[in-house]
Amino acid sequence: MATANLGGASGTRVATKERELRSAYLERQRAEPGWLERETAARLGSESSSVEQVALLRALEDCKSGELVRWLEHAVRACEDTATAQGVSVPTFALTRLRQVAARDPLARQALVRLAFEPPQLSGALRRSAASAVAACADVEELVELELRLRREQDPELLASALSALGARSGERAVSALFARNGWEPPPPRELPTDTILE
């Protein structure tokens, strides 16, 4: 479980435990280079607790591991996608981190494409999240591949998620041309509740 969206005393204990584990993992990595990658390989998708698995992923990011994207993708595929009262699942945490890294890392964008469109298939929610992440940050060349994949996509909800993300970029020439070629319309912006106060 990630420590995002934690609440109450239980969530505080989980966050504290994760920080302690992360610190211990980084100390071990400094003493024994390569240990963190080996431990991640052994623990992700195993019976290790979700707190331990998230701490490993965060430690990999902290030490700027060149293997981070690989292990984030593996976590999305291999770990149990079950949220708990203390936070989101390991796959959801890993996918969120991939989304954040993808804006500056083409390897992360390639990983998101695989998660969204290539077997073995994930849950619909994870696939939609990956597809919308790709649509939000794909460069001009990557948009060509994304367009082909979206044309073949059989899940209407995934298509809608991707088009919604692309709609936020409809002012870009390549994106507007993509919509025009396929007869797709950018989804209308979601209306705010009438009681929402805009500052």
# chains A, B, ... in the order shown; residues from 1 in each chain; ligands from 1
>>> residues_around(residues="A:Cys63", least_positions_apart="4", cutoff="12 Å", atoms="only C-alpha atoms", output="list in words")
Arg22, Ser23, Tyr25, Leu26, Glu27, Arg28, Gln29, Arg30, Pro33, Gly34, Trp35, Leu36, Glu37, Leu56, Leu57, Arg58, Ala59, Glu67 and Leu68 of chain A
>>> residues_around(residues="stretch 90-97 of chain A", least_positions_apart="4", cutoff="8 Å", atoms="only C-alpha atoms", output="MDAnalysis selection string")
chainID A and resid 1:2 50 53:54 57 72:73 75:82 101 126 129:130
>>> write_last_selection(atoms="N, CA and C atoms", output="PDB file, in the first residue's frame")
ATOM      1  N   MET A   1       0.838  -1.187   0.000  1.00  0.00           N
ATOM      2  CA  MET A   1       0.000   0.000   0.000  1.00  0.00           C
ATOM      3  C   MET A   1       0.866   1.226   0.000  1.00  0.00           C
ATOM      4  N   ALA A   2       0.511   2.195  -0.754  1.00  0.00           N
ATOM      5  CA  ALA A   2       1.241   3.452  -0.732  1.00  0.00           C
ATOM      6  C   ALA A   2       0.792   4.263   0.458  1.00  0.00           C
ATOM      7  N   SER A  50       2.693  -5.091   1.473  1.00  0.00           N
ATOM      8  CA  SER A  50       2.649  -3.994   0.509  1.00  0.00           C
ATOM      9  C   SER A  50       3.469  -2.803   0.986  1.00  0.00           C
ATOM     10  N   GLN A  53       6.961  -3.492  -0.097  1.00  0.00           N
ATOM     11  CA  GLN A  53       7.132  -3.380  -1.538  1.00  0.00           C
ATOM     12  C   GLN A  53       7.146  -1.921  -1.993  1.00  0.00           C
ATOM     13  N   VAL A  54       6.277  -1.110  -1.431  1.00  0.00           N
ATOM     14  CA  VAL A  54       6.281   0.317  -1.770  1.00  0.00           C
ATOM     15  C   VAL A  54       7.572   0.973  -1.282  1.00  0.00           C
ATOM     16  N   LEU A  57      10.269   0.314  -3.772  1.00  0.00           N
ATOM     17  CA  LEU A  57      10.132   1.139  -4.977  1.00  0.00           C
ATOM     18  C   LEU A  57      10.552   2.580  -4.712  1.00  0.00           C
ATOM     19  N   LEU A  72       8.910  -0.552 -11.657  1.00  0.00           N
ATOM     20  CA  LEU A  72       7.561   0.002 -11.545  1.00  0.00           C
ATOM     21  C   LEU A  72       6.606  -0.749 -12.464  1.00  0.00           C
ATOM     22  N   GLU A  73       7.035  -1.002 -13.700  1.00  0.00           N
ATOM     23  CA  GLU A  73       6.189  -1.765 -14.620  1.00  0.00           C
ATOM     24  C   GLU A  73       5.933  -3.169 -14.080  1.00  0.00           C
ATOM     25  N   ALA A  75       5.904  -4.097 -10.999  1.00  0.00           N
ATOM     26  CA  ALA A  75       5.003  -4.018  -9.848  1.00  0.00           C
ATOM     27  C   ALA A  75       3.549  -3.910 -10.282  1.00  0.00           C
ATOM     28  N   VAL A  76       3.293  -3.153 -11.346  1.00  0.00           N
ATOM     29  CA  VAL A  76       1.919  -3.034 -11.842  1.00  0.00           C
ATOM     30  C   VAL A  76       1.396  -4.399 -12.262  1.00  0.00           C
ATOM     31  N   ARG A  77       2.250  -5.191 -12.893  1.00  0.00           N
ATOM     32  CA  ARG A  77       1.813  -6.492 -13.402  1.00  0.00           C
ATOM     33  C   ARG A  77       1.772  -7.573 -12.322  1.00  0.00           C
ATOM     34  N   ALA A  78       2.747  -7.562 -11.421  1.00  0.00           N
ATOM     35  CA  ALA A  78       2.966  -8.724 -10.561  1.00  0.00           C
ATOM     36  C   ALA A  78       2.326  -8.634  -9.184  1.00  0.00           C
ATOM     37  N   CYS A  79       2.095  -7.439  -8.696  1.00  0.00           N
ATOM     38  CA  CYS A  79       1.607  -7.294  -7.320  1.00  0.00           C
ATOM     39  C   CYS A  79       0.084  -7.327  -7.264  1.00  0.00           C
ATOM     40  N   GLU A  80      -0.420  -7.699  -6.118  1.00  0.00           N
ATOM     41  CA  GLU A  80      -1.871  -7.808  -5.934  1.00  0.00           C
ATOM     42  C   GLU A  80      -2.513  -6.427  -5.956  1.00  0.00           C
ATOM     43  N   ASP A  81      -3.522  -6.275  -6.800  1.00  0.00           N
ATOM     44  CA  ASP A  81      -4.171  -4.971  -6.959  1.00  0.00           C
ATOM     45  C   ASP A  81      -5.353  -4.852  -6.012  1.00  0.00           C
ATOM     46  N   THR A  82      -5.048  -4.800  -4.736  1.00  0.00           N
ATOM     47  CA  THR A  82      -6.082  -4.717  -3.714  1.00  0.00           C
ATOM     48  C   THR A  82      -5.768  -3.566  -2.776  1.00  0.00           C
ATOM     49  N   VAL A 101       6.783  10.031 -13.846  1.00  0.00           N
ATOM     50  CA  VAL A 101       8.089   9.941 -14.501  1.00  0.00           C
ATOM     51  C   VAL A 101       7.963  10.108 -16.012  1.00  0.00           C
ATOM     52  N   LEU A 126      -6.637  -0.262 -14.411  1.00  0.00           N
ATOM     53  CA  LEU A 126      -5.210  -0.016 -14.593  1.00  0.00           C
ATOM     54  C   LEU A 126      -4.890   0.288 -16.052  1.00  0.00           C
ATOM     55  N   SER A 129      -5.974   3.843 -16.849  1.00  0.00           N
ATOM     56  CA  SER A 129      -5.062   4.816 -16.253  1.00  0.00           C
ATOM     57  C   SER A 129      -3.770   4.916 -17.055  1.00  0.00           C
ATOM     58  N   ALA A 130      -3.255   3.770 -17.492  1.00  0.00           N
ATOM     59  CA  ALA A 130      -2.027   3.778 -18.294  1.00  0.00           C
ATOM     60  C   ALA A 130      -2.256   4.465 -19.634  1.00  0.00           C
TER      61      ALA A 130
END
>>> residues_around(residues="stretch 137-149 of chain A", least_positions_apart="5", cutoff="12 Å", atoms="only C-alpha atoms", output="ChimeraX atom specification")
/A:98-110,112-114,116-118,130-132,154-155,158-159,162-163,165-169,172-182,184
>>> write_last_selection(atoms="N, CA and C atoms", output="compact mmCIF listing (two decimals), in the first residue's frame")
# COMPACT_ATOMS: atom_id res chain seq x y z
N LEU A 98 4.82 5.91 -12.40
CA LEU A 98 5.14 5.86 -13.82
C LEU A 98 4.56 7.07 -14.55
N ARG A 99 3.33 7.43 -14.22
CA ARG A 99 2.69 8.59 -14.84
C ARG A 99 3.53 9.84 -14.59
N GLN A 100 4.04 9.98 -13.38
CA GLN A 100 4.81 11.17 -13.03
C GLN A 100 6.17 11.20 -13.72
N VAL A 101 6.78 10.03 -13.85
CA VAL A 101 8.09 9.94 -14.50
C VAL A 101 7.96 10.11 -16.01
N ALA A 102 6.82 9.69 -16.57
CA ALA A 102 6.66 9.62 -18.03
C ALA A 102 6.80 10.96 -18.73
N ALA A 103 6.48 12.04 -18.06
CA ALA A 103 6.56 13.35 -18.70
C ALA A 103 7.98 13.67 -19.17
N ARG A 104 8.97 13.08 -18.51
CA ARG A 104 10.37 13.38 -18.86
C ARG A 104 11.16 12.16 -19.31
N ASP A 105 10.53 10.98 -19.32
CA ASP A 105 11.27 9.75 -19.60
C ASP A 105 10.55 8.91 -20.65
N PRO A 106 11.11 8.81 -21.86
CA PRO A 106 10.46 8.00 -22.90
C PRO A 106 10.34 6.53 -22.54
N LEU A 107 11.27 6.01 -21.72
CA LEU A 107 11.17 4.61 -21.31
C LEU A 107 9.92 4.39 -20.46
N ALA A 108 9.58 5.36 -19.64
CA ALA A 108 8.36 5.25 -18.83
C ALA A 108 7.13 5.30 -19.73
N ARG A 109 7.17 6.12 -20.76
CA ARG A 109 6.03 6.18 -21.69
C ARG A 109 5.87 4.86 -22.43
N GLN A 110 6.99 4.25 -22.82
CA GLN A 110 6.92 2.94 -23.47
C GLN A 110 6.34 1.89 -22.52
N LEU A 112 4.20 2.45 -20.14
CA LEU A 112 2.76 2.71 -20.04
C LEU A 112 2.02 2.18 -21.26
N VAL A 113 2.61 2.30 -22.44
CA VAL A 113 1.99 1.74 -23.65
C VAL A 113 1.83 0.23 -23.50
N ARG A 114 2.87 -0.44 -23.03
CA ARG A 114 2.78 -1.90 -22.84
C ARG A 114 1.70 -2.25 -21.84
N ALA A 116 -0.95 -0.58 -21.08
CA ALA A 116 -2.29 -0.26 -21.58
C ALA A 116 -2.75 -1.19 -22.68
N PHE A 117 -1.83 -1.60 -23.55
CA PHE A 117 -2.27 -2.23 -24.80
C PHE A 117 -1.71 -3.62 -25.08
N GLU A 118 -0.71 -4.07 -24.33
CA GLU A 118 -0.09 -5.34 -24.67
C GLU A 118 -0.35 -6.38 -23.59
N ALA A 130 -3.25 3.77 -17.49
CA ALA A 130 -2.03 3.78 -18.29
C ALA A 130 -2.26 4.46 -19.63
N ALA A 131 -3.39 4.18 -20.27
CA ALA A 131 -3.68 4.77 -21.58
C ALA A 131 -3.84 6.28 -21.48
N SER A 132 -4.53 6.74 -20.46
CA SER A 132 -4.71 8.19 -20.32
C SER A 132 -3.38 8.87 -20.01
N GLN A 154 -10.80 -2.21 -28.25
CA GLN A 154 -12.16 -2.73 -28.12
C GLN A 154 -12.87 -2.25 -26.86
N ASP A 155 -12.13 -1.66 -25.94
CA ASP A 155 -12.73 -1.21 -24.68
C ASP A 155 -13.15 0.25 -24.83
N LEU A 158 -11.74 2.61 -22.14
CA LEU A 158 -10.33 2.96 -22.31
C LEU A 158 -10.19 4.04 -23.38
N LEU A 159 -10.90 3.85 -24.49
CA LEU A 159 -10.85 4.85 -25.56
C LEU A 159 -11.30 6.21 -25.04
N ALA A 162 -8.57 7.80 -22.87
CA ALA A 162 -7.47 8.33 -23.66
C ALA A 162 -7.88 9.61 -24.40
N LEU A 163 -9.08 9.61 -24.97
CA LEU A 163 -9.54 10.79 -25.69
C LEU A 163 -9.74 11.98 -24.75
N ALA A 165 -7.92 12.58 -22.11
CA ALA A 165 -6.57 13.11 -21.86
C ALA A 165 -6.06 13.87 -23.08
N LEU A 166 -6.33 13.33 -24.27
CA LEU A 166 -5.93 14.03 -25.49
C LEU A 166 -6.69 15.34 -25.66
N GLY A 167 -7.95 15.35 -25.21
CA GLY A 167 -8.75 16.56 -25.33
C GLY A 167 -8.13 17.75 -24.63
N ALA A 168 -7.42 17.48 -23.54
CA ALA A 168 -6.74 18.56 -22.82
C ALA A 168 -5.60 19.15 -23.65
N ARG A 169 -5.22 18.43 -24.73
CA ARG A 169 -4.13 18.89 -25.60
C ARG A 169 -4.64 19.27 -26.98
N GLU A 172 -2.95 21.53 -29.56
CA GLU A 172 -1.74 21.15 -30.27
C GLU A 172 -2.10 20.67 -31.68
N ARG A 173 -1.33 21.08 -32.66
CA ARG A 173 -1.66 20.76 -34.05
C ARG A 173 -1.75 19.25 -34.28
N ALA A 174 -0.79 18.49 -33.77
CA ALA A 174 -0.78 17.04 -34.00
C ALA A 174 -2.00 16.37 -33.38
N VAL A 175 -2.41 16.87 -32.23
CA VAL A 175 -3.56 16.27 -31.55
C VAL A 175 -4.86 16.64 -32.27
N SER A 176 -5.01 17.88 -32.67
CA SER A 176 -6.23 18.27 -33.38
C SER A 176 -6.35 17.53 -34.71
N ALA A 177 -5.21 17.28 -35.37
CA ALA A 177 -5.23 16.51 -36.62
C ALA A 177 -5.63 15.07 -36.36
N LEU A 178 -5.18 14.51 -35.25
CA LEU A 178 -5.55 13.14 -34.87
C LEU A 178 -7.06 13.02 -34.69
N PHE A 179 -7.65 13.97 -33.99
CA PHE A 179 -9.10 13.96 -33.80
C PHE A 179 -9.81 14.07 -35.15
N ALA A 180 -9.34 14.96 -36.01
CA ALA A 180 -10.00 15.19 -37.30
C ALA A 180 -9.92 13.96 -38.19
N ARG A 181 -8.78 13.29 -38.22
CA ARG A 181 -8.61 12.12 -39.09
C ARG A 181 -9.56 10.99 -38.73
N ASN A 182 -9.86 10.88 -37.45
CA ASN A 182 -10.64 9.74 -36.98
C ASN A 182 -12.10 10.07 -36.69
N TRP A 184 -13.10 11.74 -34.27
CA TRP A 184 -13.29 11.75 -32.83
C TRP A 184 -13.53 13.17 -32.36
>>> decode(residues="stretch 149-165 of chain A", atoms="N, CA and C atoms", output="mmCIF file, in the first residue's frame")
data_model
loop_
_atom_site.group_PDB
_atom_site.id
_atom_site.type_symbol
_atom_site.label_atom_id
_atom_site.label_comp_id
_atom_site.auth_asym_id
_atom_site.auth_seq_id
_atom_site.Cartn_x
_atom_site.Cartn_y
_atom_site.Cartn_z
ATOM 1 N N ARG A 149 -3.139 2.308 -32.075
ATOM 2 C CA ARG A 149 -3.613 1.422 -31.009
ATOM 3 C C ARG A 149 -5.044 1.770 -30.603
ATOM 4 N N LEU A 150 -5.355 3.049 -30.545
ATOM 5 C CA LEU A 150 -6.707 3.454 -30.167
ATOM 6 C C LEU A 150 -7.725 3.055 -31.229
ATOM 7 N N ARG A 151 -7.329 3.073 -32.487
ATOM 8 C CA ARG A 151 -8.248 2.634 -33.542
ATOM 9 C C ARG A 151 -8.636 1.167 -33.375
ATOM 10 N N ARG A 152 -7.709 0.364 -32.847
ATOM 11 C CA ARG A 152 -7.963 -1.070 -32.686
ATOM 12 C C ARG A 152 -8.575 -1.420 -31.336
ATOM 13 N N GLU A 153 -8.625 -0.463 -30.434
ATOM 14 C CA GLU A 153 -9.049 -0.748 -29.063
ATOM 15 C C GLU A 153 -10.520 -1.137 -28.998
ATOM 16 N N GLN A 154 -10.795 -2.213 -28.252
ATOM 17 C CA GLN A 154 -12.158 -2.726 -28.125
ATOM 18 C C GLN A 154 -12.872 -2.251 -26.859
ATOM 19 N N ASP A 155 -12.128 -1.661 -25.944
ATOM 20 C CA ASP A 155 -12.726 -1.210 -24.684
ATOM 21 C C ASP A 155 -13.155 0.252 -24.834
ATOM 22 N N PRO A 156 -14.458 0.528 -24.897
ATOM 23 C CA PRO A 156 -14.898 1.914 -25.097
ATOM 24 C C PRO A 156 -14.516 2.831 -23.940
ATOM 25 N N GLU A 157 -14.424 2.278 -22.737
ATOM 26 C CA GLU A 157 -14.051 3.117 -21.601
ATOM 27 C C GLU A 157 -12.579 3.521 -21.680
ATOM 28 N N LEU A 158 -11.736 2.606 -22.136
ATOM 29 C CA LEU A 158 -10.327 2.963 -22.306
ATOM 30 C C LEU A 158 -10.186 4.036 -23.382
ATOM 31 N N LEU A 159 -10.899 3.855 -24.487
ATOM 32 C CA LEU A 159 -10.850 4.852 -25.559
ATOM 33 C C LEU A 159 -11.297 6.210 -25.041
ATOM 34 N N ALA A 160 -12.377 6.228 -24.267
ATOM 35 C CA ALA A 160 -12.879 7.490 -23.727
ATOM 36 C C ALA A 160 -11.863 8.138 -22.795
ATOM 37 N N SER A 161 -11.188 7.327 -21.981
ATOM 38 C CA SER A 161 -10.180 7.872 -21.064
ATOM 39 C C SER A 161 -9.028 8.505 -21.828
ATOM 40 N N ALA A 162 -8.572 7.801 -22.868
ATOM 41 C CA ALA A 162 -7.466 8.335 -23.662
ATOM 42 C C ALA A 162 -7.876 9.605 -24.398
ATOM 43 N N LEU A 163 -9.080 9.605 -24.971
ATOM 44 C CA LEU A 163 -9.545 10.794 -25.693
ATOM 45 C C LEU A 163 -9.736 11.977 -24.754
ATOM 46 N N SER A 164 -10.151 11.695 -23.541
ATOM 47 C CA SER A 164 -10.299 12.774 -22.569
ATOM 48 C C SER A 164 -8.947 13.420 -22.279
ATOM 49 N N ALA A 165 -7.916 12.578 -22.109
ATOM 50 C CA ALA A 165 -6.571 13.115 -21.865
ATOM 51 C C ALA A 165 -6.058 13.871 -23.085
#
